[in-house]
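Q: Sharing a structure with you now.
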Amino acid sequence: MAPRHSVTSVEPPAGIPGGEVRVRLSGVTAASLKDVQLYFSGANAHLAALNTTRALALVPDVNADSAVNVSTVANESMASGDRGVQFTIGKKLTHSLHPVANPAFDPSDGALFVTRSGSRGEHVPVSIFRIDRDGGLEDFSGEVINPTAIAFDRAGRIFVTSRFDGTVYRLTREGAAVTFAADLGIATGLAFNREGEMFVGDRSGTIYRIDEIGGAKPWAEHEPSVSAYHLAFGPDDQLYVSGPTVSSFDSITRFDEQGQATVFFRGLGRPQGLAFDRDGNLYVAAALRGRRGVVRIPADAKTAELVVAGMNVVGLAFGPAGEMVVATNEAVYSLPLGIPGLLI
């Protein structure tokens, strides 16, 4: 017998375990509400809210390599009346970490670098890890306390900020840390422009421009952040900055080449990591109208939409195969979304 209930859509179409999605339903009546269940590839999902037309469901912990089916029946072979809807769940790459910003892909081999930042002043044995293209996790370095942002320059060198001592370190391929620039306040965000110049955000209110030998000069001022500045250069070679405050209606700020600021988009809750795709869309780890995850904002900034559902998301990065890697404050996930990242 065909089931009475069926799933017609899932928004957003991708997420990580624990993320909240909006599921549209058909065939549900007030009398049959008590019988409604949702399954992601057979795994039962917790329903945070439910009525006759939609449900708010938490993505279950399903570690899938490809899209899964969301339906109202556990056994998909019985779902003759509910073929379900395809949904992409992030595959967990590693856990028990503590990233506080974007991870970064090594342009030379596609390996992913991610941090265990720890609480302020905490010196953990290994603070930076490397995940190879086969998913193998390797200890990389323990020399940087509270590593925050990681970025590669055009020569493939690895740089990392420390919010503990206000320093940018260059990491050797053996994991040794060499001081590159110092006295940068609470150094958090890190990005390179098209000319290869480094910019670092001091979350207490200054963005520094740093030359090729580590000489730092204040370049722009910005509203202080309660946690960090996150930086990314767009295809227009302007600097985009998020810095969460105590407001639930925060902005993404855009700085031109002279360091003059304008509001690019307003209306995000606790915006953090930033990344651009090749088409110029900006992706932000943030909440939008109370829904959390990764938000996509087009170049004209006229609209915004949640594209990946997830809780406690702090950063993201696009990989060489078009995958989106999403970092929470505890784990890292990969989603095969086929989105080419911007290459500057």
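Chains: A, B, ... in order of the structure tokens. Residues: from 1 per chain. Ligands: from 1, in order shown.
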Could you please write out, as a PyMOL selection string, every residue of stretch 46-288 of chain A that DSSP assigns to strand (DSSP E or B)?
A: chain A and resi 46-50+54-58+68-71+85-89+91-94+98+104-105+112-116+128-131+137-141+147-152+158-162+167-171+177-181+187-192+198-202+206-210+216-221+230-233+239-242+250-255+261-269+274-277+282-288
Q: Considering only C-alpha atoms, return as a ChimeraX atom specification whatever protein or nucleic-acid residues lie within 12 Å of A:Asp202, sequence-local ones (same chain, fewer than 5 positions apart) excluded.
A: /A:148-149,161-168,182-190,207-209,216-231,241,243
Q: Rounded to one decimal in Å, what is the spacing between atom CA of A:Phe87 and atom CA of A:His5?
A: 18.1 Å
Q: Hey, which of A:Leu25, A:Val246, A:Leu306, A:Ala111 ends up closest to A:Pro320? Count only C-alpha atoms.
A: A:Ala111
Q: Using only C-alpha atoms, which of A:Asn44, A:Thr8, A:Thr52, A:Asn193 sits nearest A:Thr29?
A: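 Looking at the shortest contact to A:Thr29, the residue is A:Thr52.
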Q: Can I get the residues of stretch 33-77 of chain A within 12 Å of stretch 307-314 of chain A, each with the closest pair of atoms and their distance in Å to one decimal, using only C-alpha atoms, sorted chain first then ascending number, as a Markdown table?
A:
| residue | atom | partner | partner_atom | distance |
| --- | --- | --- | --- | --- |
| A:Leu56 | CA | A:Ala309 | CA | 11.6 |
| A:Ala57 | CA | A:Ala309 | CA | 10.6 |
| A:Leu58 | CA | A:Ala309 | CA | 9.2 |
| A:Val59 | CA | A:Ala309 | CA | 8.4 |
| A:Pro60 | CA | A:Gly310 | CA | 11.3 |
| A:Asp61 | CA | A:Gly310 | CA | 11.9 |
Q: Taking 5 positions as the minimum chain separation for residues in the same chain, which residues sit within 9 Å of A:Ile344 when counting only C-alpha atoms? Answer as an mmCIF file with N, CA and C atoms, in the first residue's frame.
A:
data_model
loop_
_atom_site.group_PDB
_atom_site.id
_atom_site.type_symbol
_atom_site.label_atom_id
_atom_site.label_comp_id
_atom_site.auth_asym_id
_atom_site.auth_seq_id
_atom_site.Cartn_x
_atom_site.Cartn_y
_atom_site.Cartn_z
ATOM 1 N N ARG A 154 50.775 32.979 -3.175
ATOM 2 C CA ARG A 154 50.877 32.520 -4.559
ATOM 3 C C ARG A 154 52.026 31.558 -4.778
ATOM 4 N N PHE A 192 45.124 37.239 1.075
ATOM 5 C CA PHE A 192 46.038 37.825 0.092
ATOM 6 C C PHE A 192 45.226 38.409 -1.059
ATOM 7 N N ASN A 193 45.650 39.599 -1.539
ATOM 8 C CA ASN A 193 44.968 40.170 -2.699
ATOM 9 C C ASN A 193 45.593 39.655 -3.989
ATOM 10 N N ARG A 194 45.120 40.189 -5.109
ATOM 11 C CA ARG A 194 45.571 39.714 -6.422
ATOM 12 C C ARG A 194 47.053 39.970 -6.649
ATOM 13 N N GLU A 195 47.594 40.999 -5.998
ATOM 14 C CA GLU A 195 49.012 41.309 -6.133
ATOM 15 C C GLU A 195 49.883 40.522 -5.169
ATOM 16 N N GLY A 196 49.271 39.693 -4.350
ATOM 17 C CA GLY A 196 50.033 38.889 -3.400
ATOM 18 C C GLY A 196 50.308 39.572 -2.081
ATOM 19 N N PHE A 233 39.207 38.151 -0.197
ATOM 20 C CA PHE A 233 39.185 39.041 -1.356
ATOM 21 C C PHE A 233 38.242 38.472 -2.403
ATOM 22 N N GLY A 234 37.435 39.369 -2.982
ATOM 23 C CA GLY A 234 36.499 38.968 -4.015
ATOM 24 C C GLY A 234 37.094 39.088 -5.395
ATOM 25 N N PRO A 235 36.337 38.701 -6.425
ATOM 26 C CA PRO A 235 36.824 38.824 -7.801
ATOM 27 C C PRO A 235 37.046 40.268 -8.222
ATOM 28 N N ASP A 237 38.694 42.253 -6.389
ATOM 29 C CA ASP A 237 39.914 42.556 -5.640
ATOM 30 C C ASP A 237 39.656 43.539 -4.503
#
Q: For the atom pair atom CA of A:Leu274 and atom CA of A:Ala45, what is the interatomic distance in Å to one decimal place?
A: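 Interatomic distance, atom CA of A:Leu274 to atom CA of A:Ala45: 29.4 Å.
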